[in-house]
Structure formats: structure tokens, C-alpha cells
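As stored in target06.cif (mmCIF, N, CA and C atoms and all ligand atoms):
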data_entry
loop_
_atom_site.label_atom_id
_atom_site.label_comp_id
_atom_site.auth_asym_id
_atom_site.auth_seq_id
_atom_site.Cartn_x
_atom_site.Cartn_y
_atom_site.Cartn_z
N LYS A 64 -20.20 11.53 13.25
CA LYS A 64 -19.00 10.81 12.74
C LYS A 64 -19.24 9.31 12.84
N ARG A 65 -18.89 8.62 11.77
CA ARG A 65 -19.09 7.16 11.76
C ARG A 65 -18.14 6.51 12.77
N VAL A 66 -18.61 5.44 13.36
CA VAL A 66 -17.72 4.69 14.26
C VAL A 66 -17.59 3.25 13.80
N GLY A 67 -16.77 2.52 14.55
CA GLY A 67 -16.28 1.21 14.11
C GLY A 67 -17.30 0.16 13.72
N ASN A 68 -18.53 0.20 14.23
CA ASN A 68 -19.43 -0.91 13.89
C ASN A 68 -20.29 -0.65 12.67
N CYS A 69 -19.97 0.40 11.90
CA CYS A 69 -20.62 0.60 10.60
C CYS A 69 -19.77 -0.10 9.54
N PRO A 70 -20.36 -0.48 8.40
CA PRO A 70 -19.52 -1.04 7.33
C PRO A 70 -18.48 0.00 6.88
N PRO A 71 -17.27 -0.42 6.57
CA PRO A 71 -16.24 0.54 6.16
C PRO A 71 -16.60 1.21 4.83
N ASP A 72 -16.36 2.50 4.73
CA ASP A 72 -16.49 3.18 3.44
C ASP A 72 -15.15 3.04 2.71
N SER A 73 -15.07 3.62 1.49
CA SER A 73 -13.87 3.36 0.67
C SER A 73 -12.62 3.98 1.30
N GLU A 74 -12.78 5.06 2.08
CA GLU A 74 -11.62 5.68 2.72
C GLU A 74 -11.07 4.79 3.82
N GLU A 75 -11.97 4.26 4.65
CA GLU A 75 -11.54 3.40 5.76
C GLU A 75 -10.94 2.11 5.21
N LEU A 76 -11.60 1.56 4.18
CA LEU A 76 -11.08 0.36 3.54
C LEU A 76 -9.69 0.63 2.96
N GLY A 77 -9.53 1.79 2.32
CA GLY A 77 -8.24 2.15 1.72
C GLY A 77 -7.15 2.23 2.78
N ARG A 78 -7.43 2.94 3.88
CA ARG A 78 -6.43 3.07 4.95
C ARG A 78 -6.04 1.71 5.50
N ALA A 79 -7.04 0.86 5.72
CA ALA A 79 -6.77 -0.47 6.28
C ALA A 79 -5.95 -1.31 5.30
N THR A 80 -6.29 -1.19 4.02
CA THR A 80 -5.58 -1.99 3.01
C THR A 80 -4.15 -1.53 2.86
N TRP A 81 -3.95 -0.19 2.82
CA TRP A 81 -2.56 0.30 2.72
C TRP A 81 -1.76 -0.11 3.97
N THR A 82 -2.41 -0.07 5.13
CA THR A 82 -1.71 -0.49 6.36
C THR A 82 -1.26 -1.93 6.23
N PHE A 83 -2.16 -2.79 5.77
CA PHE A 83 -1.80 -4.20 5.58
C PHE A 83 -0.67 -4.33 4.56
N LEU A 84 -0.81 -3.68 3.41
CA LEU A 84 0.18 -3.88 2.34
C LEU A 84 1.55 -3.31 2.72
N HIS A 85 1.59 -2.09 3.25
CA HIS A 85 2.90 -1.50 3.59
C HIS A 85 3.56 -2.27 4.74
N THR A 86 2.75 -2.73 5.69
CA THR A 86 3.34 -3.46 6.82
C THR A 86 3.85 -4.82 6.35
N THR A 87 3.10 -5.45 5.47
CA THR A 87 3.54 -6.75 4.93
C THR A 87 4.83 -6.57 4.14
N ALA A 88 4.93 -5.49 3.37
CA ALA A 88 6.17 -5.22 2.62
C ALA A 88 7.33 -4.95 3.58
N ALA A 89 7.04 -4.23 4.67
CA ALA A 89 8.11 -3.86 5.62
C ALA A 89 8.72 -5.10 6.28
N TYR A 90 7.92 -6.15 6.39
CA TYR A 90 8.41 -7.38 7.03
C TYR A 90 8.65 -8.52 6.04
N TYR A 91 8.57 -8.22 4.76
CA TYR A 91 8.89 -9.21 3.71
C TYR A 91 10.40 -9.50 3.81
N PRO A 92 10.82 -10.73 3.54
CA PRO A 92 12.25 -11.04 3.71
C PRO A 92 13.17 -10.23 2.80
N GLU A 93 14.38 -10.01 3.28
CA GLU A 93 15.42 -9.39 2.44
C GLU A 93 15.71 -10.28 1.23
N ARG A 94 15.75 -11.59 1.51
CA ARG A 94 16.01 -12.56 0.45
C ARG A 94 14.90 -13.60 0.42
N PRO A 95 13.79 -13.27 -0.24
CA PRO A 95 12.65 -14.20 -0.25
C PRO A 95 12.95 -15.45 -1.06
N THR A 96 12.36 -16.55 -0.64
CA THR A 96 12.46 -17.78 -1.42
C THR A 96 11.58 -17.63 -2.67
N PRO A 97 11.80 -18.49 -3.66
CA PRO A 97 10.93 -18.45 -4.85
C PRO A 97 9.45 -18.58 -4.48
N THR A 98 9.15 -19.38 -3.48
CA THR A 98 7.75 -19.54 -3.06
C THR A 98 7.22 -18.24 -2.46
N GLN A 99 8.04 -17.59 -1.64
CA GLN A 99 7.59 -16.32 -1.05
C GLN A 99 7.38 -15.26 -2.14
N ARG A 100 8.26 -15.24 -3.11
CA ARG A 100 8.08 -14.29 -4.23
C ARG A 100 6.80 -14.57 -4.99
N ALA A 101 6.56 -15.84 -5.26
CA ALA A 101 5.36 -16.22 -6.02
C ALA A 101 4.10 -15.86 -5.22
N ASN A 102 4.14 -16.08 -3.90
CA ASN A 102 2.97 -15.74 -3.09
C ASN A 102 2.74 -14.23 -3.06
N MET A 103 3.81 -13.46 -2.98
CA MET A 103 3.65 -12.00 -2.97
C MET A 103 3.08 -11.52 -4.31
N LEU A 104 3.59 -12.10 -5.40
CA LEU A 104 3.05 -11.73 -6.71
C LEU A 104 1.56 -12.05 -6.79
N SER A 105 1.18 -13.21 -6.25
CA SER A 105 -0.25 -13.59 -6.27
C SER A 105 -1.08 -12.60 -5.47
N LEU A 106 -0.56 -12.20 -4.32
CA LEU A 106 -1.28 -11.25 -3.48
C LEU A 106 -1.50 -9.93 -4.25
N ILE A 107 -0.43 -9.44 -4.87
CA ILE A 107 -0.54 -8.16 -5.59
C ILE A 107 -1.50 -8.30 -6.78
N ARG A 108 -1.37 -9.40 -7.48
CA ARG A 108 -2.20 -9.57 -8.69
C ARG A 108 -3.66 -9.85 -8.37
N ALA A 109 -3.93 -10.27 -7.12
CA ALA A 109 -5.32 -10.52 -6.73
C ALA A 109 -6.06 -9.21 -6.47
N ILE A 110 -5.34 -8.14 -6.13
CA ILE A 110 -6.01 -6.90 -5.73
C ILE A 110 -6.90 -6.37 -6.87
N PRO A 111 -6.37 -6.24 -8.10
CA PRO A 111 -7.24 -5.73 -9.17
C PRO A 111 -8.44 -6.64 -9.46
N LEU A 112 -8.35 -7.90 -9.06
CA LEU A 112 -9.45 -8.83 -9.34
C LEU A 112 -10.49 -8.86 -8.22
N LEU A 113 -10.06 -8.51 -7.00
CA LEU A 113 -10.94 -8.73 -5.85
C LEU A 113 -11.24 -7.49 -5.02
N TYR A 114 -10.45 -6.44 -5.14
CA TYR A 114 -10.63 -5.29 -4.25
C TYR A 114 -12.02 -4.70 -4.43
N PRO A 115 -12.78 -4.54 -3.33
CA PRO A 115 -14.19 -4.19 -3.48
C PRO A 115 -14.48 -2.70 -3.66
N CYS A 116 -13.70 -2.06 -4.52
CA CYS A 116 -13.99 -0.70 -5.01
C CYS A 116 -13.55 -0.80 -6.46
N SER A 117 -14.52 -0.95 -7.37
CA SER A 117 -14.16 -1.42 -8.70
C SER A 117 -13.31 -0.41 -9.48
N HIS A 118 -13.57 0.89 -9.36
CA HIS A 118 -12.73 1.82 -10.13
C HIS A 118 -11.34 1.89 -9.51
N CYS A 119 -11.24 1.74 -8.18
CA CYS A 119 -9.90 1.68 -7.53
C CYS A 119 -9.14 0.47 -8.06
N ALA A 120 -9.84 -0.66 -8.10
CA ALA A 120 -9.21 -1.91 -8.54
C ALA A 120 -8.75 -1.82 -9.99
N ASP A 121 -9.59 -1.24 -10.85
CA ASP A 121 -9.24 -1.13 -12.27
C ASP A 121 -8.01 -0.24 -12.48
N ASP A 122 -8.00 0.91 -11.81
CA ASP A 122 -6.85 1.82 -11.97
C ASP A 122 -5.58 1.19 -11.42
N PHE A 123 -5.72 0.51 -10.28
CA PHE A 123 -4.54 -0.14 -9.69
C PHE A 123 -4.02 -1.22 -10.64
N GLY A 124 -4.93 -1.98 -11.22
CA GLY A 124 -4.53 -3.03 -12.17
C GLY A 124 -3.78 -2.46 -13.36
N GLN A 125 -4.25 -1.33 -13.86
CA GLN A 125 -3.57 -0.67 -14.98
C GLN A 125 -2.17 -0.22 -14.56
N ASP A 126 -2.06 0.34 -13.37
CA ASP A 126 -0.76 0.82 -12.87
C ASP A 126 0.21 -0.35 -12.68
N VAL A 127 -0.31 -1.47 -12.17
CA VAL A 127 0.55 -2.65 -11.96
C VAL A 127 1.02 -3.21 -13.31
N LYS A 128 0.16 -3.10 -14.32
CA LYS A 128 0.56 -3.55 -15.67
C LYS A 128 1.72 -2.72 -16.19
N GLU A 129 1.67 -1.43 -15.92
CA GLU A 129 2.71 -0.52 -16.42
C GLU A 129 3.98 -0.55 -15.59
N HIS A 130 3.88 -0.99 -14.32
CA HIS A 130 5.04 -1.02 -13.42
C HIS A 130 5.09 -2.39 -12.75
N ALA A 131 5.89 -3.28 -13.31
CA ALA A 131 5.94 -4.66 -12.81
C ALA A 131 6.33 -4.69 -11.34
N PRO A 132 5.63 -5.49 -10.53
CA PRO A 132 5.95 -5.58 -9.11
C PRO A 132 7.40 -6.02 -8.88
N ASP A 133 8.08 -5.36 -7.93
CA ASP A 133 9.43 -5.74 -7.54
C ASP A 133 9.31 -6.59 -6.27
N VAL A 134 9.37 -7.90 -6.43
CA VAL A 134 9.24 -8.80 -5.28
C VAL A 134 10.59 -9.38 -4.89
N SER A 135 11.68 -8.70 -5.30
CA SER A 135 13.03 -9.23 -5.09
C SER A 135 13.46 -9.21 -3.63
N GLY A 136 12.85 -8.36 -2.83
CA GLY A 136 13.23 -8.26 -1.42
C GLY A 136 12.51 -7.09 -0.79
N ARG A 137 12.65 -6.95 0.54
CA ARG A 137 11.78 -5.99 1.23
C ARG A 137 12.04 -4.53 0.84
N ALA A 138 13.30 -4.18 0.53
CA ALA A 138 13.56 -2.78 0.16
C ALA A 138 12.89 -2.45 -1.17
N GLY A 139 13.06 -3.33 -2.15
CA GLY A 139 12.48 -3.10 -3.47
C GLY A 139 10.96 -3.12 -3.42
N LEU A 140 10.41 -4.05 -2.66
CA LEU A 140 8.96 -4.15 -2.58
C LEU A 140 8.37 -2.92 -1.88
N SER A 141 9.03 -2.49 -0.80
CA SER A 141 8.52 -1.32 -0.06
C SER A 141 8.51 -0.08 -0.96
N ARG A 142 9.57 0.06 -1.75
CA ARG A 142 9.65 1.21 -2.65
C ARG A 142 8.59 1.12 -3.75
N TRP A 143 8.48 -0.06 -4.35
CA TRP A 143 7.49 -0.25 -5.42
C TRP A 143 6.09 0.12 -4.92
N LEU A 144 5.77 -0.38 -3.73
CA LEU A 144 4.43 -0.14 -3.18
C LEU A 144 4.23 1.34 -2.84
N CYS A 145 5.28 1.96 -2.32
CA CYS A 145 5.21 3.40 -2.03
C CYS A 145 4.91 4.17 -3.31
N GLU A 146 5.57 3.79 -4.38
CA GLU A 146 5.34 4.49 -5.65
C GLU A 146 3.92 4.27 -6.16
N ARG A 147 3.42 3.05 -5.99
CA ARG A 147 2.04 2.79 -6.42
C ARG A 147 1.05 3.61 -5.59
N HIS A 148 1.29 3.66 -4.26
CA HIS A 148 0.41 4.44 -3.39
C HIS A 148 0.49 5.92 -3.79
N ASN A 149 1.69 6.39 -4.14
CA ASN A 149 1.82 7.79 -4.57
C ASN A 149 1.04 8.06 -5.85
N GLU A 150 0.93 7.08 -6.73
CA GLU A 150 0.10 7.28 -7.92
C GLU A 150 -1.34 7.54 -7.52
N VAL A 151 -1.83 6.79 -6.53
CA VAL A 151 -3.20 7.00 -6.05
C VAL A 151 -3.29 8.37 -5.37
N ASN A 152 -2.29 8.70 -4.55
CA ASN A 152 -2.29 10.02 -3.89
C ASN A 152 -2.40 11.14 -4.92
N LYS A 153 -1.62 11.03 -6.00
CA LYS A 153 -1.65 12.08 -7.04
C LYS A 153 -3.03 12.16 -7.67
N LYS A 154 -3.58 11.00 -7.99
CA LYS A 154 -4.90 10.96 -8.62
C LYS A 154 -5.94 11.65 -7.74
N LEU A 155 -5.79 11.48 -6.41
CA LEU A 155 -6.78 12.05 -5.48
C LEU A 155 -6.42 13.46 -5.03
N GLY A 156 -5.32 14.01 -5.59
CA GLY A 156 -4.93 15.37 -5.21
C GLY A 156 -4.30 15.45 -3.83
N LYS A 157 -3.81 14.30 -3.32
CA LYS A 157 -3.15 14.32 -2.00
C LYS A 157 -1.66 14.54 -2.16
N ASP A 158 -0.99 14.91 -1.07
CA ASP A 158 0.48 15.04 -1.09
C ASP A 158 1.09 13.67 -1.36
N THR A 159 2.24 13.66 -2.06
CA THR A 159 2.95 12.39 -2.19
C THR A 159 3.81 12.17 -0.96
N PHE A 160 4.16 10.91 -0.74
CA PHE A 160 4.90 10.49 0.44
C PHE A 160 6.35 10.29 0.03
N ASP A 161 7.29 10.66 0.91
CA ASP A 161 8.72 10.47 0.65
C ASP A 161 9.08 8.99 0.86
N CYS A 162 9.37 8.30 -0.25
CA CYS A 162 9.58 6.84 -0.16
C CYS A 162 10.84 6.46 0.61
N ALA A 163 11.70 7.42 0.92
CA ALA A 163 12.84 7.11 1.80
C ALA A 163 12.38 6.90 3.24
N ARG A 164 11.11 7.24 3.53
CA ARG A 164 10.63 7.18 4.92
C ARG A 164 9.65 6.03 5.17
N THR A 165 9.61 5.06 4.25
CA THR A 165 8.62 3.98 4.45
C THR A 165 8.95 3.13 5.69
N ASP A 166 10.22 2.86 5.95
CA ASP A 166 10.54 2.06 7.14
C ASP A 166 10.18 2.81 8.42
N GLU A 167 10.46 4.11 8.40
CA GLU A 167 10.13 4.92 9.58
C GLU A 167 8.62 4.88 9.84
N ARG A 168 7.85 4.99 8.77
CA ARG A 168 6.39 5.03 8.92
C ARG A 168 5.81 3.66 9.28
N TRP A 169 6.34 2.59 8.66
CA TRP A 169 5.66 1.30 8.75
C TRP A 169 6.39 0.24 9.56
N LYS A 170 7.64 0.52 9.97
CA LYS A 170 8.38 -0.54 10.66
C LYS A 170 9.08 -0.04 11.92
N ASP A 171 9.89 1.01 11.78
CA ASP A 171 10.76 1.40 12.89
C ASP A 171 10.17 2.50 13.78
N GLY A 172 9.33 3.36 13.22
CA GLY A 172 8.85 4.52 13.96
C GLY A 172 9.91 5.62 13.96
N PRO A 173 9.52 6.84 14.33
CA PRO A 173 10.48 7.94 14.35
C PRO A 173 11.60 7.70 15.34
N SER A 174 12.77 8.33 15.06
CA SER A 174 13.95 8.06 15.89
C SER A 174 13.81 8.65 17.29
N ASP A 175 12.78 9.49 17.53
CA ASP A 175 12.60 10.03 18.89
C ASP A 175 11.97 9.01 19.84
N GLY A 176 11.70 7.80 19.32
CA GLY A 176 11.18 6.74 20.18
C GLY A 176 9.72 6.90 20.55
N SER A 177 9.00 7.84 19.89
CA SER A 177 7.62 8.13 20.29
C SER A 177 6.65 6.96 20.03
N CYS A 178 7.07 5.99 19.22
CA CYS A 178 6.19 4.84 18.97
C CYS A 178 6.55 3.64 19.85
N ASP A 179 7.60 3.78 20.68
CA ASP A 179 8.03 2.62 21.47
C ASP A 179 7.10 2.39 22.67
P1 LIG B 201 -4.09 6.73 2.86
O1 LIG B 201 -3.82 7.13 1.45
O2 LIG B 201 -5.03 5.62 3.11
O3 LIG B 201 -2.68 6.42 3.54
C1 LIG B 201 -2.59 5.93 4.88
C2 LIG B 201 -1.26 6.38 5.46
O4 LIG B 201 -0.21 5.85 4.65
C3 LIG B 201 -1.02 7.87 5.39
O5 LIG B 201 -1.57 8.51 6.52
C4 LIG B 201 0.49 7.99 5.33
O6 LIG B 201 1.03 7.96 6.64
C5 LIG B 201 0.91 6.71 4.63
N1 LIG B 201 1.25 6.92 3.21
C6 LIG B 201 0.69 7.78 2.34
N2 LIG B 201 1.22 7.63 1.12
C7 LIG B 201 2.15 6.66 1.24
C8 LIG B 201 3.05 6.07 0.33
N3 LIG B 201 3.12 6.45 -0.94
N4 LIG B 201 3.87 5.11 0.78
C9 LIG B 201 3.83 4.71 2.08
N5 LIG B 201 2.99 5.22 2.99
C10 LIG B 201 2.16 6.19 2.58
N6 LIG B 201 -9.59 5.96 -3.18
C11 LIG B 201 -10.29 6.64 -4.14
O7 LIG B 201 -11.07 7.55 -3.80
N7 LIG B 201 -10.11 6.36 -5.46
C12 LIG B 201 -9.27 5.37 -5.89
O8 LIG B 201 -9.15 5.12 -7.09
C13 LIG B 201 -8.56 4.61 -4.91
N8 LIG B 201 -7.76 3.59 -5.26
C14 LIG B 201 -7.17 2.84 -4.31
C15 LIG B 201 -6.43 1.74 -4.68
C16 LIG B 201 -5.87 0.91 -3.74
C17 LIG B 201 -5.07 -0.31 -4.17
C18 LIG B 201 -6.05 1.19 -2.36
C19 LIG B 201 -5.47 0.27 -1.31
C20 LIG B 201 -6.79 2.29 -1.97
C21 LIG B 201 -7.37 3.13 -2.92
N9 LIG B 201 -8.12 4.24 -2.56
C22 LIG B 201 -8.76 4.95 -3.53
C23 LIG B 201 -8.18 4.70 -1.16
C24 LIG B 201 -7.18 5.83 -0.92
O9 LIG B 201 -5.88 5.49 -1.41
C25 LIG B 201 -7.01 6.17 0.57
O10 LIG B 201 -6.74 4.98 1.31
C26 LIG B 201 -8.21 6.85 1.21
O11 LIG B 201 -8.57 7.99 0.46
C27 LIG B 201 -7.88 7.31 2.66
O12 LIG B 201 -6.79 8.21 2.56
P2 LIG B 201 -5.95 8.74 3.76
O13 LIG B 201 -5.68 10.18 3.47
O14 LIG B 201 -6.55 8.39 5.08
O15 LIG B 201 -4.53 8.02 3.68
#
Let me see the structure of the file written as C-alpha cells.
Amino acid sequence: KRVGNCPPDSEELGRATWTFLHTTAAYYPERPTPTQRANMLSLIRAIPLLYPCSHCADDFGQDVKEHAPDVSGRAGLSRWLCERHNEVNKKLGKDTFDCARTDERWKDGPSDGSCD
């Protein structure tokens, strides 16, 4: 089994990237300033140009073209991102994730306090 000091493969890179993106969305402001919105749009639009898995980047870029990013606030952004991740899950034959549970997964943890 590969361990941490090997270069990341596309699966490890994917998990790390989704962790970054979902966590960033979970803590994005409820009412972002125009500058915060513009920065979030830049971050999202940079992924298809820079993500170092070219077919992943191309498909994501196509999906973002068809579904304009919702940078209006953290609830909308979290949902938009969940839906985009579900598109990738479907493509890879994985289960889709219930987008009502993004805060539980990425911000609050389960109500049983097991993440506290
Ligand atoms: P991941 O899909 O990495 O998910 C990590 C965790 O996120 C899950 O354990 C779950 O708890 C949670 N989660 C799952 N779905 C959602 C959701 N919809 N919303 C919120 N949380 C969720 N791999 C390819 O082989 N081909 C591709 O074309 C491809 N495109 C990608 C495009 C992007 C932009 C990114 C960031 C990654 C892409 N990947 C692609 C990688 C792929 O999505 C997975 O990250 C990788 O296969 C590892 O999967 P995993 O099962 O560990 O969980």
C-alpha cells in the first residue's frame, strides 16, 4: 500500500482537492462581498485550467460551463459543489451523496458528537 511520501495518484489528489473545496465552501460567508464572490469564481474557473489530471479538468470545465457556479453564499455554493461532485461520482460509477448532508460531512460533524 502506498504511503504518504510517494507522489499522490489521481485518487489521493481527488480526495484532497474535494476536501479543500467542500471545506472552503462550508466556511464561505453567508453574504460574501463582491470581492469574495469574484475570488471564489476565479478559484472555480482556475480548476479546469490548472488541475493536474487533464481529462478530469476537461470534464469539470464542461460541467461548469453547463452549470454556472452559485457564489451567492455558503448554502448555494455548498449545494452547487455537491452537485458537481455528484456528476463525477456518477461518471465513476460511485454512489451519489445526499446534498442535504454537506454541512454534517464538512462542517458540523454528526449530531452524536463523534467528531468533537
Ligand atoms: P471522493 O470522491 O474523493 O470524495 C471524498 C469524500 O467526499 C467522500 O468520502 C464523501 O464523504 C464526500 N463526498 C462524496 N461525494 C460528495 C458530494 N457530492 N458532495 C459532498 N461530499 C461528497 N477521478 C477520475 O478517475 N476521473 C475524473 O474524471 C475525475 N474528475 C475529477 C474532477 C475534480 C474536479 C476532482 C476534484 C476530482 C476528480 N476525480 C476524478 C477524482 C475523484 O472524484 C475522487 O476524488 C477519487 O476517485 C477518490 O474517490 P473517493 O471514493 O476516495 O472519494
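With distances taken over only N, CA and C atoms and all ligand atoms, A:Ala120 is the one residue among A:Ala120, A:Cys178, A:Ala131, A:Met103 lying closest to ligand LIG 201 (chain B).
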* Asked: Which residues come within 8 Å of region 70-86 of chain A, counting all atoms listed in the file, excluding same-chain residues fewer than 5 positions away, as a ChimeraX atom specification?
  -> /A:91,115-116,140-141,144-145,148,165,168-170
* All helix (DSSP H, G or I) positions in region 68-177 of chain A, as JSON, numbers by chain -> {"A": [73, 74, 75, 76, 77, 78, 79, 80, 81, 82, 83, 84, 85, 86, 87, 88, 89, 97, 98, 99, 100, 101, 102, 103, 104, 105, 106, 107, 108, 109, 110, 111, 112, 113, 117, 118, 119, 120, 121, 122, 123, 124, 125, 126, 127, 128, 129, 137, 138, 139, 140, 141, 142, 143, 144, 145, 146, 147, 148, 149, 150, 151, 152, 153, 154, 162, 163, 164, 165, 166, 167, 168, 169, 170, 171]}
* To do: Determine, counting all atoms listed in the file, which protein, DNA and RNA residues have an atom within 8 Å of an atom of Arg147 (chain A); residues of the same chain fewer than 6 positions away are not included. Present the result as a PyMOL selection string.
  => chain A and resi 123+126-127+141+153
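You can rank A:Ile110, A:Ala101, A:Ala138, A:Ala89 by their closest distance to ligand LIG 201 (chain B) using all atoms listed in the file, and at the top of that list sits A:Ile110.
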* List the neighbours of Leu112 (chain A) out to 8 Å using only N, CA and C atoms; skip same-chain residues closer than 5 positions along the sequence, and give me the result as number ranges by chain. => A: 107, 120-121, 124
* Computed interatomic separation between atom O11 of ligand LIG 201 (chain B) and CA of Pro132 (chain A) (Å) ->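 Interatomic distance here is 22.1 Å.
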* Option closest in space to ligand LIG 201 (chain B), from A:Asn68, A:Asn149, A:Gln125, A:Thr98 [counting all atoms listed in the file] -> A:Asn149
* **Closest of A:Asp161, A:Asn102, A:Val134, A:Pro97 to ligand LIG 201 (chain B) - atom-to-atom distances counting only C-alpha atoms and all ligand atoms** => A:Asp161
Box centre and edge lengths (Å, one decimal), axis-aligned, region 88-100 of chain A plus 5 Å each side, as JSON:
{"center_x": 10.5, "center_y": -11.7, "center_z": 1.0, "size_x": 21.1, "size_y": 25.7, "size_z": 22.0}
